[in-house]
>>> print(open('work-v8.txt').read())   # compact mmCIF, C-alpha atoms
# COMPACT_ATOMS: atom_id res chain seq x y z
CA MET A 1 19.77 -54.37 -105.07
CA SER A 2 20.57 -56.88 -102.41
CA ALA A 3 18.46 -57.21 -99.28
CA GLY A 4 21.18 -55.76 -97.07
CA ILE A 5 21.51 -52.60 -99.07
CA ARG A 6 17.73 -52.21 -99.18
CA ILE A 7 17.48 -52.54 -95.42
CA LEU A 8 20.34 -50.10 -94.97
CA SER A 9 18.82 -47.62 -97.38
CA PHE A 10 15.50 -47.95 -95.61
CA ILE A 11 17.13 -47.28 -92.25
CA VAL A 12 19.13 -44.32 -93.51
CA GLY A 13 16.14 -42.95 -95.42
CA TYR A 14 13.91 -43.34 -92.44
CA PHE A 15 16.40 -41.65 -90.13
CA GLY A 16 16.62 -38.81 -92.57
CA LEU A 17 12.86 -38.45 -92.65
CA VAL A 18 12.54 -38.57 -88.88
CA LEU A 19 15.20 -35.93 -88.50
CA PHE A 20 13.50 -33.78 -91.15
CA GLN A 21 10.23 -34.34 -89.29
CA VAL A 22 11.41 -33.41 -85.82
CA LEU A 23 13.95 -30.77 -86.76
CA VAL A 24 12.00 -28.97 -89.47
CA LEU A 25 8.33 -29.84 -89.76
CA ASN A 26 7.56 -30.09 -86.04
CA ARG A 27 9.13 -26.68 -85.50
CA LEU A 28 7.33 -24.90 -88.30
CA ASP A 29 4.32 -24.16 -86.12
CA LEU A 30 2.17 -23.33 -89.14
CA SER A 31 -1.12 -23.48 -87.34
CA PHE A 32 -2.88 -25.45 -84.68
CA TYR A 33 -4.65 -27.31 -87.46
CA ILE A 34 -1.66 -28.12 -89.63
CA ASN A 35 0.75 -30.67 -88.23
CA PRO A 36 2.03 -32.61 -91.24
CA TYR A 37 3.74 -35.94 -90.59
CA ILE A 38 5.80 -37.21 -93.50
CA TYR A 39 8.01 -39.79 -91.77
CA LEU A 40 5.38 -42.42 -92.67
CA PHE A 41 6.52 -42.11 -96.30
CA SER A 42 9.11 -44.80 -95.55
CA ILE A 43 6.43 -47.26 -94.54
CA LEU A 44 4.30 -46.32 -97.55
CA VAL A 45 7.02 -47.22 -100.02
CA LEU A 46 8.08 -50.55 -98.48
CA PRO A 47 7.88 -53.47 -100.97
CA PHE A 48 4.51 -54.94 -101.84
CA ARG A 49 5.51 -58.48 -101.13
CA MET A 50 6.78 -57.85 -97.63
CA GLN A 51 5.17 -60.17 -95.09
CA HIS A 52 2.36 -58.45 -93.25
CA TRP A 53 3.77 -59.16 -89.81
CA VAL A 54 7.23 -57.99 -90.88
CA LEU A 55 5.69 -54.80 -92.18
CA MET A 56 3.99 -54.21 -88.86
CA LEU A 57 7.10 -55.00 -86.91
CA VAL A 58 9.09 -52.54 -89.01
CA ALA A 59 6.38 -49.96 -88.49
CA PHE A 60 6.43 -50.63 -84.76
CA VAL A 61 10.17 -50.15 -84.44
CA SER A 62 10.10 -47.10 -86.72
CA GLY A 63 7.29 -45.65 -84.67
CA LEU A 64 9.19 -46.17 -81.46
CA LEU A 65 12.13 -44.33 -82.97
CA MET A 66 9.86 -41.43 -83.89
CA ASP A 67 8.42 -41.53 -80.38
CA ALA A 68 11.87 -41.42 -78.90
CA PHE A 69 12.55 -38.24 -80.84
CA SER A 70 9.28 -36.52 -80.13
CA GLY A 71 8.83 -37.67 -76.54
CA THR A 72 5.50 -39.34 -77.15
CA ALA A 73 5.89 -42.88 -75.87
CA GLY A 74 3.92 -45.28 -78.06
CA LEU A 75 1.81 -42.69 -79.89
CA HIS A 76 3.59 -42.77 -83.22
CA ALA A 77 4.27 -46.49 -82.90
CA ALA A 78 0.58 -47.20 -82.42
CA SER A 79 -0.51 -45.09 -85.39
CA LEU A 80 2.25 -46.44 -87.60
CA VAL A 81 1.40 -50.05 -86.74
CA PHE A 82 -2.19 -49.22 -87.56
CA LEU A 83 -1.07 -47.82 -90.90
CA ALA A 84 0.99 -50.95 -91.56
CA PHE A 85 -1.96 -53.13 -90.66
CA VAL A 86 -4.27 -51.36 -93.08
CA ARG A 87 -1.75 -50.98 -95.91
CA PRO A 88 -1.98 -54.46 -97.58
CA HIS A 89 -5.77 -54.42 -97.37
CA TRP A 90 -5.93 -51.02 -98.96
CA ILE A 91 -3.49 -52.09 -101.65
CA ASN A 92 -5.72 -55.10 -102.38
CA VAL A 93 -8.68 -52.81 -102.78
CA ILE A 94 -7.03 -50.45 -105.26
CA THR A 95 -4.85 -52.96 -107.09
CA PRO A 96 -5.63 -53.51 -110.75
CA LYS A 97 -6.39 -57.12 -111.72
CA GLY A 98 -2.98 -57.70 -113.25
CA GLY A 99 -0.93 -56.92 -110.17
CA TYR A 100 2.43 -55.20 -110.05
CA GLU A 101 5.07 -57.14 -111.89
CA ALA A 102 6.93 -54.13 -113.17
CA GLU A 103 7.75 -52.54 -109.84
CA ASP A 104 7.95 -54.31 -106.49
CA ARG A 105 7.13 -51.25 -104.38
CA PRO A 106 4.63 -48.40 -104.55
CA SER A 107 6.07 -45.74 -106.79
CA ILE A 108 4.68 -42.69 -108.44
CA ARG A 109 6.56 -43.44 -111.66
CA ALA A 110 5.34 -47.03 -111.95
CA GLN A 111 1.76 -46.74 -110.67
CA GLY A 112 1.07 -43.23 -111.76
CA PHE A 113 0.16 -40.01 -109.99
CA SER A 114 -3.54 -40.68 -109.39
CA TRP A 115 -2.96 -44.16 -108.02
CA PHE A 116 -0.25 -42.96 -105.68
CA LEU A 117 -2.33 -40.03 -104.56
CA LEU A 118 -5.30 -42.28 -103.80
CA TYR A 119 -3.02 -44.82 -102.15
CA SER A 120 -1.27 -42.35 -99.91
CA ILE A 121 -4.08 -39.94 -99.06
CA VAL A 122 -6.25 -42.65 -97.51
CA LEU A 123 -3.42 -44.18 -95.51
CA VAL A 124 -2.19 -40.77 -94.39
CA PHE A 125 -5.68 -39.84 -93.35
CA LEU A 126 -6.10 -43.05 -91.35
CA HIS A 127 -2.73 -42.59 -89.72
CA HIS A 128 -3.42 -38.95 -88.84
CA PHE A 129 -6.91 -39.74 -87.64
CA PHE A 130 -5.59 -42.47 -85.36
CA TYR A 131 -2.70 -40.31 -84.20
CA PHE A 132 -4.58 -37.10 -83.45
CA PHE A 133 -7.46 -38.76 -81.68
CA LEU A 134 -5.11 -40.87 -79.62
CA GLU A 135 -3.14 -37.72 -78.87
CA VAL A 136 -6.07 -35.75 -77.46
CA PHE A 137 -7.80 -38.91 -76.21
CA SER A 138 -11.08 -37.17 -75.85
CA LEU A 139 -14.20 -36.67 -77.90
CA THR A 140 -15.02 -33.31 -76.38
CA SER A 141 -12.99 -31.51 -79.05
CA ALA A 142 -13.81 -34.03 -81.76
CA PHE A 143 -14.58 -31.41 -84.41
CA SER A 144 -11.38 -29.47 -84.00
CA THR A 145 -9.45 -32.75 -83.94
CA LEU A 146 -11.19 -33.85 -87.11
CA GLY A 147 -10.39 -30.52 -88.76
CA LYS A 148 -6.80 -30.88 -87.68
CA THR A 149 -6.75 -34.39 -89.14
CA LEU A 150 -8.17 -33.28 -92.51
CA LEU A 151 -5.95 -30.23 -92.97
CA SER A 152 -2.83 -32.07 -91.84
CA THR A 153 -3.68 -34.96 -94.14
CA ILE A 154 -3.85 -32.62 -97.13
CA VAL A 155 -0.51 -31.00 -96.34
CA SER A 156 1.17 -34.32 -95.51
CA THR A 157 -0.11 -35.92 -98.70
CA ILE A 158 1.16 -33.04 -100.83
CA LEU A 159 4.59 -33.34 -99.20
CA ILE A 160 4.58 -37.12 -99.57
CA VAL A 161 3.67 -36.94 -103.28
CA LEU A 162 6.46 -34.41 -103.79
CA MET A 163 8.87 -36.73 -102.00
CA ALA A 164 7.71 -39.61 -104.13
CA TYR A 165 8.73 -37.67 -107.23
CA LEU A 166 12.00 -36.63 -105.64
CA PHE A 167 13.10 -40.08 -104.50
CA SER A 168 12.05 -41.95 -107.62
CA ARG A 169 14.07 -39.53 -109.71
CA GLU A 170 17.06 -40.05 -107.47
CA ARG A 171 16.69 -43.77 -107.67
CA LYS A 172 16.56 -43.72 -111.46
CA ARG A 173 19.63 -41.61 -111.56
CA ALA A 174 21.38 -44.03 -109.25
CA MET B 1 -4.80 -77.85 -81.06
CA ARG B 2 -3.93 -78.12 -84.74
CA ASN B 3 -7.03 -76.20 -85.60
CA LEU B 4 -6.11 -73.52 -83.09
CA LEU B 5 -2.61 -73.31 -84.51
CA SER B 6 -3.89 -73.05 -88.06
CA PHE B 7 -6.35 -70.43 -86.89
CA PHE B 8 -3.49 -68.40 -85.46
CA LEU B 9 -1.46 -68.88 -88.61
CA ARG B 10 -4.35 -67.91 -90.79
CA TYR B 11 -4.96 -64.71 -88.88
CA ASN B 12 -1.40 -64.12 -87.76
CA SER B 13 -1.28 -60.58 -89.06
CA LEU B 14 -4.34 -59.63 -87.07
CA PHE B 15 -2.85 -61.12 -83.90
CA ILE B 16 0.44 -59.41 -84.43
CA PHE B 17 -1.39 -56.19 -85.08
CA VAL B 18 -3.33 -56.56 -81.86
CA ILE B 19 -0.22 -57.48 -79.87
CA LEU B 20 1.76 -54.57 -81.24
CA GLU B 21 -1.10 -52.16 -80.62
CA VAL B 22 -1.45 -53.40 -77.08
CA ILE B 23 2.24 -52.79 -76.52
CA CYS B 24 1.96 -49.32 -78.05
CA LEU B 25 -1.10 -48.35 -76.09
CA THR B 26 0.46 -49.69 -72.90
CA LEU B 27 3.39 -47.43 -73.57
CA VAL B 28 1.08 -44.54 -74.34
CA PHE B 29 -0.91 -44.89 -71.15
CA ARG B 30 1.95 -45.88 -68.91
CA LEU B 31 4.50 -43.33 -69.96
CA ASN B 32 2.46 -40.30 -70.95
CA TYR B 33 1.12 -38.50 -67.94
CA TYR B 34 -1.65 -36.81 -69.91
CA HIS B 35 -2.97 -40.05 -71.35
CA LYS B 36 -2.70 -41.80 -68.02
CA VAL B 37 -4.86 -39.16 -66.42
CA SER B 38 -7.39 -38.99 -69.22
CA PHE B 39 -7.63 -42.77 -69.42
CA VAL B 40 -8.30 -42.98 -65.71
CA SER B 41 -10.86 -40.18 -65.92
CA ALA B 42 -12.54 -41.77 -68.94
CA THR B 43 -12.88 -45.10 -67.18
CA ASN B 44 -13.96 -43.29 -64.05
CA ASN B 45 -16.78 -41.72 -66.03
CA PHE B 46 -18.07 -45.17 -66.82
CA THR B 47 -17.41 -47.00 -63.58
CA GLY B 48 -18.28 -43.91 -61.60
CA GLY B 49 -21.67 -43.84 -63.29
CA ILE B 50 -22.33 -47.42 -62.24
CA TYR B 51 -21.12 -46.77 -58.73
CA SER B 52 -23.17 -43.62 -58.32
CA SER B 53 -26.38 -45.26 -59.51
CA TYR B 54 -25.71 -48.17 -57.16
CA THR B 55 -25.13 -45.87 -54.22
CA SER B 56 -28.20 -43.82 -55.07
CA PHE B 57 -30.14 -47.06 -54.81
CA THR B 58 -28.60 -48.08 -51.48
CA ASP B 59 -29.00 -44.52 -50.24
CA TYR B 60 -32.68 -44.90 -50.87
CA LEU B 61 -32.78 -48.03 -48.71
CA ASN B 62 -31.07 -46.20 -45.87
CA LEU B 63 -33.31 -43.18 -46.12
CA ALA B 64 -35.16 -43.85 -42.87
CA GLN B 65 -32.02 -44.06 -40.74
CA VAL B 66 -30.50 -41.09 -42.51
CA ASN B 67 -33.63 -39.04 -41.87
CA ASP B 68 -33.56 -39.98 -38.20
CA SER B 69 -29.96 -39.07 -37.75
CA LEU B 70 -30.39 -35.85 -39.70
CA SER B 71 -33.36 -34.74 -37.66
CA ARG B 72 -31.46 -35.53 -34.47
CA GLU B 73 -28.58 -33.51 -35.74
CA ASN B 74 -30.95 -30.72 -36.73
CA ALA B 75 -32.36 -30.59 -33.23
CA LEU B 76 -28.87 -30.52 -31.79
CA LEU B 77 -27.81 -27.71 -34.08
CA ARG B 78 -31.01 -25.80 -33.53
CA SER B 79 -30.46 -25.90 -29.80
CA LYS B 80 -27.04 -24.42 -30.39
CA LEU B 81 -28.42 -21.68 -32.56
CA LEU B 82 -28.15 -18.13 -31.35
CA SER B 83 -31.91 -17.76 -31.42
CA SER B 84 -32.22 -20.52 -28.84
CA TYR B 85 -30.47 -18.32 -26.33
CA TRP B 86 -32.38 -15.56 -24.80
CA ASP B 87 -30.64 -12.34 -24.70
CA THR B 88 -30.34 -11.63 -21.00
CA GLU B 89 -29.00 -8.24 -21.67
CA VAL B 90 -31.70 -5.64 -21.27
CA ARG B 91 -31.41 -2.63 -23.47
CA LYS B 92 -32.99 0.30 -21.78
CA ASP B 93 -33.36 3.17 -24.14
CA VAL B 94 -32.66 6.32 -22.25
CA ALA B 95 -33.24 9.69 -23.76
CA CYS B 96 -30.80 12.30 -22.54
CA ASP B 97 -32.31 15.71 -22.47
CA VAL B 98 -31.56 18.24 -19.81
CA ASN B 99 -35.07 19.57 -19.59
CA MET B 100 -36.72 16.24 -19.83
CA VAL B 101 -36.99 13.62 -17.17
CA GLN B 102 -37.29 10.12 -18.34
CA ALA B 103 -40.63 8.70 -17.32
CA TYR B 104 -40.85 5.54 -19.34
CA GLN B 105 -38.41 2.86 -20.35
CA PHE B 106 -39.09 0.21 -22.91
CA PHE B 107 -37.72 -3.32 -22.78
CA ASP B 108 -38.03 -5.48 -25.79
CA ALA B 109 -39.39 -8.97 -25.28
CA LYS B 110 -40.46 -11.86 -27.39
CA VAL B 111 -43.87 -13.45 -27.12
CA ILE B 112 -43.47 -17.15 -26.48
CA SER B 113 -47.09 -18.00 -25.86
CA ASN B 114 -50.25 -16.26 -26.92
CA SER B 115 -53.95 -16.91 -27.17
CA THR B 116 -56.76 -14.91 -28.73
CA ASN B 117 -59.68 -17.30 -28.88
CA LYS B 118 -60.64 -17.61 -25.21
CA ALA B 119 -62.70 -15.35 -22.99
CA SER B 120 -59.59 -14.65 -20.91
CA ASN B 121 -56.46 -14.42 -23.00
CA TYR B 122 -52.91 -14.23 -21.79
CA LEU B 123 -49.50 -13.87 -23.33
CA VAL B 124 -46.18 -15.07 -21.99
CA ILE B 125 -43.02 -13.13 -22.77
CA ASN B 126 -39.42 -14.14 -22.36
CA LYS B 127 -38.39 -11.35 -20.01
CA GLY B 128 -38.88 -11.66 -16.29
CA TYR B 129 -37.89 -10.31 -12.90
CA LYS B 130 -34.22 -10.69 -13.71
CA HIS B 131 -34.61 -8.30 -16.60
CA GLY B 132 -36.52 -5.70 -14.62
CA VAL B 133 -40.06 -6.67 -15.52
CA ARG B 134 -42.51 -6.03 -12.67
CA GLU B 135 -46.21 -6.43 -12.17
CA ASN B 136 -48.56 -3.85 -13.63
CA MET B 137 -46.20 -2.71 -16.30
CA GLY B 138 -47.78 -2.06 -19.66
CA VAL B 139 -47.02 -4.07 -22.75
CA VAL B 140 -47.27 -2.46 -26.17
CA VAL B 141 -46.28 -3.08 -29.74
CA ALA B 142 -45.15 -0.52 -32.26
CA ASN B 143 -48.70 0.34 -33.31
CA GLY B 144 -50.93 -0.65 -30.40
CA VAL B 145 -51.41 -1.84 -26.87
CA VAL B 146 -51.11 -5.48 -25.84
CA GLY B 147 -51.83 -5.78 -22.16
CA ILE B 148 -50.57 -5.48 -18.62
CA ILE B 149 -47.97 -7.57 -16.82
CA MET B 150 -49.84 -9.81 -14.42
CA ASP B 151 -47.31 -12.24 -13.06
CA VAL B 152 -43.54 -12.21 -13.09
CA SER B 153 -41.17 -15.11 -12.64
CA GLU B 154 -37.40 -15.13 -12.85
CA ASN B 155 -37.23 -15.31 -16.62
CA PHE B 156 -40.80 -14.95 -17.81
CA ALA B 157 -43.79 -12.76 -17.37
CA THR B 158 -47.46 -13.32 -17.98
CA VAL B 159 -49.34 -10.57 -19.73
CA LEU B 160 -53.01 -9.94 -19.16
CA SER B 161 -54.05 -9.36 -22.70
CA VAL B 162 -56.32 -6.56 -23.78
CA LEU B 163 -58.38 -9.48 -24.99
CA HIS B 164 -59.37 -10.39 -21.45
CA LYS B 165 -62.80 -9.85 -19.98
CA ASP B 166 -61.41 -8.28 -16.79
CA ASN B 167 -58.90 -5.99 -18.40
CA LYS B 168 -59.72 -2.33 -18.53
CA VAL B 169 -57.47 0.14 -20.28
CA SER B 170 -57.91 3.84 -19.91
CA VAL B 171 -58.22 5.38 -23.37
CA LYS B 172 -59.24 8.67 -24.90
CA LEU B 173 -60.08 10.24 -28.18
CA LYS B 174 -57.03 11.47 -29.91
CA GLY B 175 -56.61 15.21 -29.75
CA PRO B 176 -55.89 17.92 -27.21
CA GLU B 177 -59.31 17.73 -25.60
CA GLY B 178 -60.06 14.10 -26.07
CA ARG B 179 -62.47 12.64 -23.62
CA ALA B 180 -61.36 9.60 -21.69
CA GLY B 181 -63.15 6.30 -21.59
CA SER B 182 -62.31 2.73 -20.80
CA LEU B 183 -61.55 -0.07 -23.18
CA THR B 184 -62.95 -3.53 -22.58
CA TRP B 185 -63.19 -6.62 -24.61
CA PRO B 186 -66.55 -8.31 -24.84
CA GLY B 187 -65.09 -11.50 -26.18
CA GLY B 188 -65.38 -12.99 -29.62
CA ASP B 189 -63.49 -11.35 -32.44
CA SER B 190 -59.95 -10.50 -31.50
CA ARG B 191 -59.93 -7.52 -33.85
CA TYR B 192 -62.66 -5.56 -32.08
CA ALA B 193 -63.11 -4.08 -28.62
CA VAL B 194 -65.56 -1.74 -26.95
CA VAL B 195 -64.96 1.69 -25.46
CA LYS B 196 -67.35 2.83 -22.76
CA GLU B 197 -67.74 5.82 -20.46
CA ILE B 198 -67.52 8.44 -23.17
CA PRO B 199 -70.46 10.77 -22.59
CA LYS B 200 -73.09 11.24 -25.24
CA HIS B 201 -72.49 14.95 -25.75
CA VAL B 202 -69.08 14.31 -27.27
CA LYS B 203 -69.14 14.38 -31.01
CA LEU B 204 -67.79 11.21 -32.53
CA HIS B 205 -67.24 9.97 -36.01
CA ALA B 206 -66.47 6.56 -37.33
CA GLY B 207 -62.77 6.40 -38.10
CA ASP B 208 -61.74 8.60 -35.18
CA THR B 209 -58.61 7.44 -33.46
CA ILE B 210 -58.52 6.12 -29.93
CA VAL B 211 -55.29 6.38 -27.98
CA THR B 212 -54.19 5.64 -24.43
CA SER B 213 -54.99 8.33 -21.93
CA GLY B 214 -51.92 8.09 -19.74
CA TYR B 215 -54.01 8.36 -16.57
CA SER B 216 -53.33 4.90 -15.31
CA ALA B 217 -49.55 5.17 -15.18
CA ILE B 218 -49.40 1.87 -16.99
CA PHE B 219 -49.22 3.11 -20.55
CA PRO B 220 -47.73 6.36 -21.69
CA GLU B 221 -50.10 8.83 -23.21
CA ASN B 222 -51.05 8.78 -26.88
CA ILE B 223 -50.24 5.23 -27.72
CA MET B 224 -52.40 4.07 -30.58
CA VAL B 225 -55.21 1.74 -29.58
CA GLY B 226 -57.53 1.65 -32.53
CA THR B 227 -60.09 3.45 -34.64
CA ILE B 228 -63.83 3.82 -34.18
CA GLU B 229 -65.72 1.28 -36.22
CA SER B 230 -69.32 1.98 -35.15
CA ILE B 231 -71.10 3.94 -32.47
CA GLU B 232 -74.11 2.64 -30.58
CA VAL B 233 -76.42 4.75 -28.53
CA THR B 234 -78.21 2.82 -25.82
CA SER B 235 -81.30 4.43 -24.35
CA GLY B 236 -81.15 5.08 -20.61
CA SER B 237 -77.40 5.36 -20.58
CA ASN B 238 -75.24 8.46 -20.58
CA TRP B 239 -72.48 6.78 -22.51
CA TYR B 240 -71.85 5.61 -25.96
CA ASP B 241 -71.01 2.04 -26.74
CA ILE B 242 -68.24 2.48 -29.22
CA ASN B 243 -66.98 -0.48 -31.20
CA ILE B 244 -63.38 0.03 -32.13
CA LEU B 245 -61.05 -1.77 -34.49
CA LEU B 246 -57.90 -2.56 -32.53
CA SER B 247 -54.69 -1.52 -34.19
CA THR B 248 -52.80 -4.38 -32.59
CA ASN B 249 -52.96 -7.57 -34.55
CA PHE B 250 -53.07 -10.10 -31.74
CA GLU B 251 -52.97 -13.04 -34.12
CA THR B 252 -49.51 -12.33 -35.38
CA ILE B 253 -47.95 -10.65 -32.38
CA GLU B 254 -44.30 -11.63 -31.96
CA TYR B 255 -42.20 -8.92 -30.38
CA VAL B 256 -43.48 -6.56 -27.74
CA TYR B 257 -42.17 -3.77 -25.56
CA VAL B 258 -42.60 -3.71 -21.84
CA VAL B 259 -43.20 -0.24 -20.53
CA ASN B 260 -41.50 0.65 -17.30
CA TYR B 261 -43.04 3.74 -15.72
CA LEU B 262 -40.21 5.14 -13.65
CA PHE B 263 -42.46 7.09 -11.28
CA SER B 264 -44.95 4.36 -10.59
CA GLU B 265 -43.76 3.85 -7.02
CA GLU B 266 -43.98 7.54 -6.21
CA GLN B 267 -47.38 7.84 -7.81
CA ASP B 268 -48.69 4.76 -6.00
CA LYS B 269 -47.48 6.09 -2.66
CA LEU B 270 -49.16 9.40 -3.26
CA GLU B 271 -52.40 7.79 -4.29
CA GLU B 272 -52.43 5.58 -1.19
CA LYS B 273 -52.58 8.67 1.02
CA ARG B 274 -55.95 9.63 -0.28
>>> encode(input="work-v8.txt", output="C-alpha cells")
Amino acid sequence: MSAGIRILSFIVGYFGLVLFQVLVLNRLDLSFYINPYIYLFSILVLPFRMQHWVLMLVAFVSGLLMDAFSGTAGLHAASLVFLAFVRPHWINVITPKGGYEAEDRPSIRAQGFSWFLLYSIVLVFLHHFFYFFLEVFSLTSAFSTLGKTLLSTIVSTILIVLMAYLFSRERKRA
Amino acid sequence: MRNLLSFFLRYNSLFIFVILEVICLTLVFRLNYYHKVSFVSATNNFTGGIYSSYTSFTDYLNLAQVNDSLSRENALLRSKLLSSYWDTEVRKDVACDVNMVQAYQFFDAKVISNSTNKASNYLVINKGYKHGVRENMGVVVANGVVGIIMDVSENFATVLSVLHKDNKVSVKLKGPEGRAGSLTWPGGDSRYAVVKEIPKHVKLHAGDTIVTSGYSAIFPENIMVGTIESIEVTSGSNWYDINILLSTNFETIEYVYVVNYLFSEEQDKLEEKR
C-alpha cells in the first residue's frame, strides 16, 4: 500500500467513523452514564512507526473535525491529542521485547485479542476520562463523571474490539 | 543556543503536545460558553478567596472609622424612627351609654423620667397641656396608682409620685363598706407604703386589698393600690399603722394613664362655697 492510499483510506475511514459516531451513537441516548466514543479507533490503529508529532497533529485535526460535527469546540481535539500523546508511551510499556516486525500497525489479528484489549482499554479510558472531565469542568460531580467514564469506556472498548475484528477481516479480504 | 535547540528536539513531542493542548483548550474556553463561565468562576474561587481575605484584613484596619460612621448613621436613623416621634394625637376613650355619664377619661402617656430612690420622687410623662393634661389629674397604671399631676408644660407633665413624702392618696379597704384611710410613703423601700386613719375597730387581715376611695376626685373609685402586708397597733392612737405592698411596680413603670375627671371643675366650685 502506498502512502497516498493509506492516507486516503485513513481519511475516508475516519470520516465514516465520525459520521457513525454523530449520526448513530450520539443519538442512541442509552443512558446518562453511557456515551461511547468510537471515532478514536482511527487514531488507535495508526502505524507504530509514525512520528510522535505527526501522530498528535493528525489527532488534533481529526479532533477538530469531530468537534465541528458535535459543536464542541476543542473538546474532542484536546482529548484526542492527549490520547495521541500517551499512545507511544503506552505501546512502549506493553510491547514485547522483540517488537513488531510482522505488522506495522496495532491489529487484533497480529497482536492478539488480549494485547489489543489491554492496549485499547487503557487509551480509551484515558481519552474518556480527559474528555468527560473537561466536558463538565467541575469536580463537584466527580463521582458521577467517573462512573460515566468507566461505563462508557467499557462500551467503547467492546465496540472498538468488534471493529478491530471487522476491519482486519476486510483488509485481509482486500 | 545549540543546547536549547537540542533540548527542544529531544523533547519535541512534549512541546508539540503542550502547544496543541493549549490551542485546544483555548478553543474550548473561548468558544464554549459553558466552559468560559465555569473557567471564570473556577478562577474566581481562587482569586476571590485571596481578595476576600485581603479585604477582611484591611476591613479590620478601618474598623474604627467604620464604627464611627455606623454609629453616626445609627443615631440618624434612630432619630427618624417612629418611636422618636411622640404621638400628639390623644385618644380619649369614651364609653357611650345612655344611662351613664362619662366621669373619667384616660390618656395614655409614656414615662420619660422616673425616680424611686429619693425622699421626694417625681415622674415626667410625655403628655402635656397640649394634650389635655392639667394639674391635679391622677396618674395610674393598669394595676395600681402612680401619682398626681403636679406641673404641666406644653408637651410634658410632672407627676408627684405616690413615693413622695407629701403625697397623700385617699384609699379604702376593698368592699362595699370599706373604711377610708390615707396612703403615705414613709420613704425607703419603693415597694411598701403606709395607710393611716383607719380606726382600730375595723377588722383587718394581712392580704386584704386596698383600693382608691374615689373621694378626692383625682382617682376613680376602686383602683387597685396594694395589699396589706402587716398591721401595727400603736398605743395612744385610734388608728392602725398598716404597711401595704404597693401593686404598682415603680421600678419598671413605662406607660401610664392620666385620669381626667370630667366634673372636677364643678366639684371644685361647689366645694369652694363651703
>>> residues_around(input="work-v8.txt", residues="stretch 13-15 of chain A", least_positions_apart="4", cutoff="9 Å", atoms="all atoms listed in the file", output="JSON, numbers by chain")
{"A": [8, 9, 19, 20, 39, 40, 41, 42, 43, 62, 65]}
>>> residues_near_point(input="work-v8.txt", point="(-57.2, -5.1, -35.2)", cutoff="12 Å", atoms="only C-alpha atoms", output="VMD selection string")
chain B and resid 116 143 to 146 162 to 163 189 to 193 224 to 229 243 to 253
>>> interface_residues(input="work-v8.txt", of="chain B", to="chain A", cutoff="10 Å", atoms="all atoms listed in the file", output="NGL selection string")
:B and (12-18 or 20-32 or 34-35 or 38-39 or 42)
>>> closest_residue(input="work-v8.txt", among="A:Ser141, A:Ser70, A:Ser120, A:Asn26", to="A:Leu159", atoms="all atoms listed in the file")
A:Ser120
>>> residues_around(input="work-v8.txt", residues="B:Asn155", least_positions_apart="6", cutoff="9 Å", atoms="only C-alpha atoms", output="compact mmCIF listing (two decimals) with C-alpha atoms, in the coordinates of the input")
# COMPACT_ATOMS: atom_id res chain seq x y z
CA THR B 88 -30.34 -11.63 -21.00
CA ILE B 125 -43.02 -13.13 -22.77
CA ASN B 126 -39.42 -14.14 -22.36
CA LYS B 127 -38.39 -11.35 -20.01
CA GLY B 128 -38.88 -11.66 -16.29
CA TYR B 129 -37.89 -10.31 -12.90
CA LYS B 130 -34.22 -10.69 -13.71
CA HIS B 131 -34.61 -8.30 -16.60
>>> atom_distance(input="work-v8.txt", atom1="atom CA of B:Phe219", atom2="atom CA of B:Val171")
9.7 Å
